[in-house]
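See structure below.
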Amino acid sequence: MGPHPAVAAIRLAVRRVLHDVLTLAPPASVPSAAGDRPPLVLVACSGGADSMALASALAFEAPRLGVRAGGVTVDHGLQQGSELRAAEVVSRLAAFDLDPVEAVRVEVGRDGGPEAAARDARYAALDAVADRYGAAAILLGHTRDDQAETVLLGLARGSGIRSLSGMAVASGAGGRYRRPFLGLDRQTARKACMVQSLPVWDDPHNADPAYTRSRVRHEALPVLEKALGKGVVEALARTAQLSRDDADALDSWAAAVEPSVRDDSGDLEVAKLFALPPAVRRRVLRRAAIEAGSPAGSLFARHLEEVDRLITGWRGQGAINLPGRVAVRRQGGRLVLRQG
């Protein structure tokens with residue numbers, strides 16, 4: 001008899017990602033007569049049901065595909081006894097015969113709020129571990145439910161179609177981060193842990209109403225499902241994919257047209273920008289601001305709307321100050337972006 005349907009589903013999702021990694025891995029990572037090592041794939045594991053199910057599936061599938069598999073857990077230091085929890089996760093990953101496995105302690109700052117600061121610290125730590133081991137990919141346990149929550153948060157912020165596109169299946173430098181479970185619901189991962197008798201840890205922060213995502217998960221989504229019926233999560237996840245397709249197309253258009261709206265000095269020509277569709281124009285402005293030194297993570301729709309008014313609602317207004325000490329001013333039919 002085959003595995004439980006939930007276990008089969010998570011293993012299939014991981015197997016597909018590992019096939020992609022093998023296809024895209026650089027030649028030096030492919031085994032050969034010269035003794036080169038196969039690619040290494042790491043799983044980021046918090047000890048929760050989603051990431052434990054992911055770790056178990058990786059441990060099962062990786063040897064069958066000739067892939068090395070390891071794991072890492074990030075200790076944010078935000079709860080008493082967090083270091084003991086991290087040590088427990090490392091022990092569980094080692095019990096799966098994953099190698100290497102380690103816990104990384106991070107210091108969480110305050111920029112952008114507690115959730116954003118923790119996320120930034122976590123990804124920085126994962127990047128550092130991946131670089132140190134030369135990992136081809138890091139698997140993350142985000143599910144379809146997480147995707148739906150992300151879309152709702154994007155709607156609440158009013159930050160545009162890119163925000164509504166949620167999390168990508170592959171993201172980061174070279175597609176380093178992979179999310180095999182975006183097509184699976186949270187309950188499938190939890191059931192896979194249950195039938196395999198895998199111990200899981202439920203992070204109390206996930207139920208703490210002080211955190212925005214927790215309120216979305218435990219208050220907003222249940223209300224929507226009660227009012228609109230089942231299927232809200234699936235619909236939001238589908239919205240994310242459709243939005244991502246549209247956003248990717250618009251980003252490609254903006255990248256292609258950007259050189260044509262710059263003058264010989266690299267400044268942006270207002271008349272040519274005005275002729276572009278607004279969605280493309282704002283993307284050109286965003287690209288230019290980031291190139292000038294504005295951090296992408298701190299550049300929001302309201303910033304770009306202010307810059308756009310230098311083009312569409314010019315009344316002699318002064319410079320627009322963007323994050324990263326980038327100033328944008330209109331001079332002689334040009335937009336000039338300078339840092340400092």
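Going through the structure tokens in order, the chains are called A, B, and so on, while each chain numbers its residues from 1 and the ligands are numbered from 1 in the order shown.
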
Under the rule of at most 8 Å, produce a per-residue listing of range 95-197 of chain A near range 211-231 of chain A: chain, number, name, the closest pair of atoms, and the distance in Å, as a Markdown table, using only C-alpha atoms.
```
| residue | atom | partner | partner_atom | distance |
| --- | --- | --- | --- | --- |
| A:Glu115 | CA | A:Tyr211 | CA | 7.3 |
| A:Glu149 | CA | A:Val216 | CA | 6.4 |
| A:Leu152 | CA | A:Val216 | CA | 7.6 |
| A:Leu153 | CA | A:Arg213 | CA | 7.6 |
```

Q.
Please list as a list in words every residue within 12 Å of Leu276 in chain A, counting only C-alpha atoms and excluding residues in the same chain fewer than 2 positions away.
A. Leu250, Trp253, Ala254, Val257, Glu258, Ser260, Val261, Glu269, Val270, Ala271, Lys272, Leu273, Phe274, Pro278, Ala279, Val280, Arg281, Arg282, Arg283, Val284, Leu285, Asp308, Ile311 and Thr312 of chain A

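With only C-alpha atoms as the basis for measurement, A:Leu139 is the residue among A:Leu139, A:Pro63, A:His4, A:Arg105 that approaches Val43 in chain A most closely.
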
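For the atom pair formed by CA of Ala13 in chain A and CA of Asp99 in chain A, the distance is 21.1 Å, given to one decimal.
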
Q: Mind giving me the straight-line distance from CA of Cys193 in chain A to CA of Gly47 in chain A in Å, one decimal?
A: 11.0 Å

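As for CA of Ala148 in chain A and CA of Gly113 in chain A, they are spaced 21.0 Å apart.
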
Q. For Gly318 in chain A, which residue among A:Ser171, A:Gln331, A:Thr73, A:Ser298 is the nearest when counting only C-alpha atoms?
A. A:Gln331

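Distances here use only C-alpha atoms; by that measure, the residue among A:Asp50, A:Asp267, A:Glu61, A:Asp120 closest to Leu18 in chain A is A:Glu61.
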
(Q) Run DSSP on the backbone and tell me which residues of range 98-210 of chain A come out as strand (DSSP E); list them as a list of chain:residue names. (A) A:Val101, A:Glu102, A:Ala103, A:Val104, A:Arg105, A:Ala137, A:Ile138, A:Leu139, A:Ala170, A:Ser171, A:Tyr177, A:Arg178

If you keep N, CA, C and O atoms, can you produce a file of those selected residues as a PDB file, in the first residue's frame?
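Result written to again24.pdb:
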```
ATOM      1  N   VAL A 101      23.213  20.165   9.194  1.00  0.00           N
ATOM      2  CA  VAL A 101      22.102  20.809   9.893  1.00  0.00           C
ATOM      3  C   VAL A 101      22.691  21.764  10.921  1.00  0.00           C
ATOM      4  O   VAL A 101      23.737  21.481  11.508  1.00  0.00           O
ATOM      5  N   GLU A 102      22.027  22.885  11.123  1.00  0.00           N
ATOM      6  CA  GLU A 102      22.503  23.830  12.123  1.00  0.00           C
ATOM      7  C   GLU A 102      21.415  24.819  12.509  1.00  0.00           C
ATOM      8  O   GLU A 102      20.431  25.001  11.785  1.00  0.00           O
ATOM      9  N   ALA A 103      21.611  25.428  13.682  1.00  0.00           N
ATOM     10  CA  ALA A 103      20.764  26.521  14.143  1.00  0.00           C
ATOM     11  C   ALA A 103      21.560  27.815  14.071  1.00  0.00           C
ATOM     12  O   ALA A 103      22.747  27.834  14.393  1.00  0.00           O
ATOM     13  N   VAL A 104      20.899  28.880  13.629  1.00  0.00           N
ATOM     14  CA  VAL A 104      21.542  30.186  13.512  1.00  0.00           C
ATOM     15  C   VAL A 104      20.775  31.185  14.369  1.00  0.00           C
ATOM     16  O   VAL A 104      19.557  31.333  14.229  1.00  0.00           O
ATOM     17  N   ARG A 105      21.464  31.858  15.266  1.00  0.00           N
ATOM     18  CA  ARG A 105      20.844  32.884  16.107  1.00  0.00           C
ATOM     19  C   ARG A 105      20.964  34.236  15.414  1.00  0.00           C
ATOM     20  O   ARG A 105      22.036  34.573  14.889  1.00  0.00           O
ATOM     21  N   ALA A 137      19.730  25.540  -3.451  1.00  0.00           N
ATOM     22  CA  ALA A 137      18.373  26.020  -3.164  1.00  0.00           C
ATOM     23  C   ALA A 137      18.079  25.888  -1.678  1.00  0.00           C
ATOM     24  O   ALA A 137      18.691  25.079  -0.977  1.00  0.00           O
ATOM     25  N   ILE A 138      17.129  26.703  -1.223  1.00  0.00           N
ATOM     26  CA  ILE A 138      16.592  26.613   0.135  1.00  0.00           C
ATOM     27  C   ILE A 138      15.081  26.449   0.005  1.00  0.00           C
ATOM     28  O   ILE A 138      14.411  27.274  -0.623  1.00  0.00           O
ATOM     29  N   LEU A 139      14.553  25.392   0.597  1.00  0.00           N
ATOM     30  CA  LEU A 139      13.119  25.139   0.529  1.00  0.00           C
ATOM     31  C   LEU A 139      12.410  25.794   1.706  1.00  0.00           C
ATOM     32  O   LEU A 139      12.852  25.700   2.849  1.00  0.00           O
ATOM     33  N   ALA A 170       9.554  30.611  -6.877  1.00  0.00           N
ATOM     34  CA  ALA A 170      11.014  30.757  -6.775  1.00  0.00           C
ATOM     35  C   ALA A 170      11.336  32.236  -6.642  1.00  0.00           C
ATOM     36  O   ALA A 170      10.794  33.061  -7.371  1.00  0.00           O
ATOM     37  N   SER A 171      12.200  32.574  -5.700  1.00  0.00           N
ATOM     38  CA  SER A 171      12.583  33.964  -5.504  1.00  0.00           C
ATOM     39  C   SER A 171      14.016  34.024  -5.000  1.00  0.00           C
ATOM     40  O   SER A 171      14.661  32.996  -4.792  1.00  0.00           O
ATOM     41  N   TYR A 177      15.387  30.635  -3.353  1.00  0.00           N
ATOM     42  CA  TYR A 177      14.322  30.199  -2.456  1.00  0.00           C
ATOM     43  C   TYR A 177      13.212  29.519  -3.248  1.00  0.00           C
ATOM     44  O   TYR A 177      12.709  30.069  -4.227  1.00  0.00           O
ATOM     45  N   ARG A 178      12.827  28.320  -2.801  1.00  0.00           N
ATOM     46  CA  ARG A 178      11.779  27.559  -3.471  1.00  0.00           C
ATOM     47  C   ARG A 178      10.659  27.248  -2.493  1.00  0.00           C
ATOM     48  O   ARG A 178      10.913  26.890  -1.347  1.00  0.00           O
TER      49      ARG A 178
END
```

(Q) DSSP on the backbone: which residues in range 165-308 of chain A end up as alpha helix (DSSP H)? Give the answer as number ranges by chain. (A) A: 186-195, 212-215, 221-228, 232-257, 270-274, 278-292, 301-308

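For the residues A:Glu306, A:Glu291, A:Asp146, A:Asp75, ranking by smallest atom-to-atom distance to Leu126 in chain A using only C-alpha atoms places A:Asp75 first.
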
Q) Closest to Gly340 in chain A among A:Val7, A:Val328, A:Ala256, A:Ala189, using only C-alpha atoms? A) A:Val328

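For the choices A:Ser51, A:Asn321, A:Ser46, A:Ser56, the atom-to-atom distance to Arg85 in chain A is smallest for A:Ser46 when using only C-alpha atoms.
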
Could you give me, as an mmCIF file with N, CA, C and O atoms, in the first residue's frame, the residues within 9 Å of Cys45 in chain A, counting only C-alpha atoms and dropping anything in the same chain fewer than 3 positions from it?
```
data_model
loop_
_atom_site.group_PDB
_atom_site.id
_atom_site.type_symbol
_atom_site.label_atom_id
_atom_site.label_comp_id
_atom_site.auth_asym_id
_atom_site.auth_seq_id
_atom_site.Cartn_x
_atom_site.Cartn_y
_atom_site.Cartn_z
ATOM 1 N N GLY A 48 7.541 23.904 12.956
ATOM 2 C CA GLY A 48 6.101 23.873 12.745
ATOM 3 C C GLY A 48 5.702 22.790 11.755
ATOM 4 O O GLY A 48 6.547 22.173 11.096
ATOM 5 N N ASP A 50 4.239 22.843 8.793
ATOM 6 C CA ASP A 50 4.559 23.041 7.383
ATOM 7 C C ASP A 50 6.013 22.681 7.086
ATOM 8 O O ASP A 50 6.313 21.946 6.139
ATOM 9 N N SER A 51 6.918 23.223 7.897
ATOM 10 C CA SER A 51 8.340 22.992 7.608
ATOM 11 C C SER A 51 8.796 21.608 8.029
ATOM 12 O O SER A 51 9.728 21.053 7.426
ATOM 13 N N MET A 52 8.154 20.998 9.037
ATOM 14 C CA MET A 52 8.503 19.619 9.377
ATOM 15 C C MET A 52 8.060 18.661 8.276
ATOM 16 O O MET A 52 8.777 17.717 7.931
ATOM 17 N N LEU A 54 7.841 19.460 5.201
ATOM 18 C CA LEU A 54 8.780 19.730 4.113
ATOM 19 C C LEU A 54 10.104 19.013 4.347
ATOM 20 O O LEU A 54 10.674 18.410 3.428
ATOM 21 N N ALA A 55 10.606 19.055 5.578
ATOM 22 C CA ALA A 55 11.879 18.397 5.890
ATOM 23 C C ALA A 55 11.778 16.888 5.689
ATOM 24 O O ALA A 55 12.700 16.259 5.144
ATOM 25 N N GLY A 71 19.593 20.994 6.512
ATOM 26 C CA GLY A 71 18.555 21.813 7.111
ATOM 27 C C GLY A 71 19.125 22.890 8.005
ATOM 28 O O GLY A 71 20.234 22.768 8.527
ATOM 29 N N VAL A 72 18.357 23.953 8.174
ATOM 30 C CA VAL A 72 18.760 25.059 9.033
ATOM 31 C C VAL A 72 17.520 25.610 9.728
ATOM 32 O O VAL A 72 16.438 25.675 9.133
ATOM 33 N N THR A 73 17.671 25.950 10.995
ATOM 34 C CA THR A 73 16.601 26.628 11.719
ATOM 35 C C THR A 73 17.137 27.947 12.245
ATOM 36 O O THR A 73 18.305 28.041 12.635
ATOM 37 N N VAL A 74 16.309 28.953 12.210
ATOM 38 C CA VAL A 74 16.712 30.293 12.633
ATOM 39 C C VAL A 74 16.098 30.588 13.998
ATOM 40 O O VAL A 74 14.876 30.501 14.172
ATOM 41 N N VAL A 89 14.884 21.334 17.132
ATOM 42 C CA VAL A 89 14.668 21.256 15.686
ATOM 43 C C VAL A 89 15.895 20.668 14.995
ATOM 44 O O VAL A 89 15.772 19.820 14.103
ATOM 45 N N VAL A 90 17.077 21.093 15.413
ATOM 46 C CA VAL A 90 18.303 20.548 14.833
ATOM 47 C C VAL A 90 18.362 19.030 15.052
ATOM 48 O O VAL A 90 18.729 18.266 14.137
ATOM 49 N N LEU A 93 15.992 17.360 12.610
ATOM 50 C CA LEU A 93 16.528 17.366 11.250
ATOM 51 C C LEU A 93 17.634 16.324 11.107
ATOM 52 O O LEU A 93 17.724 15.629 10.086
ATOM 53 N N LEU A 139 14.553 25.392 0.597
ATOM 54 C CA LEU A 139 13.119 25.139 0.529
ATOM 55 C C LEU A 139 12.410 25.794 1.706
ATOM 56 O O LEU A 139 12.852 25.700 2.849
ATOM 57 N N LEU A 140 11.300 26.475 1.409
ATOM 58 C CA LEU A 140 10.491 27.145 2.420
ATOM 59 C C LEU A 140 9.104 26.511 2.452
ATOM 60 O O LEU A 140 8.558 26.138 1.403
ATOM 61 N N GLY A 141 8.506 26.442 3.643
ATOM 62 C CA GLY A 141 7.253 25.713 3.812
ATOM 63 C C GLY A 141 5.985 26.520 3.657
ATOM 64 O O GLY A 141 4.948 26.119 4.173
#
```
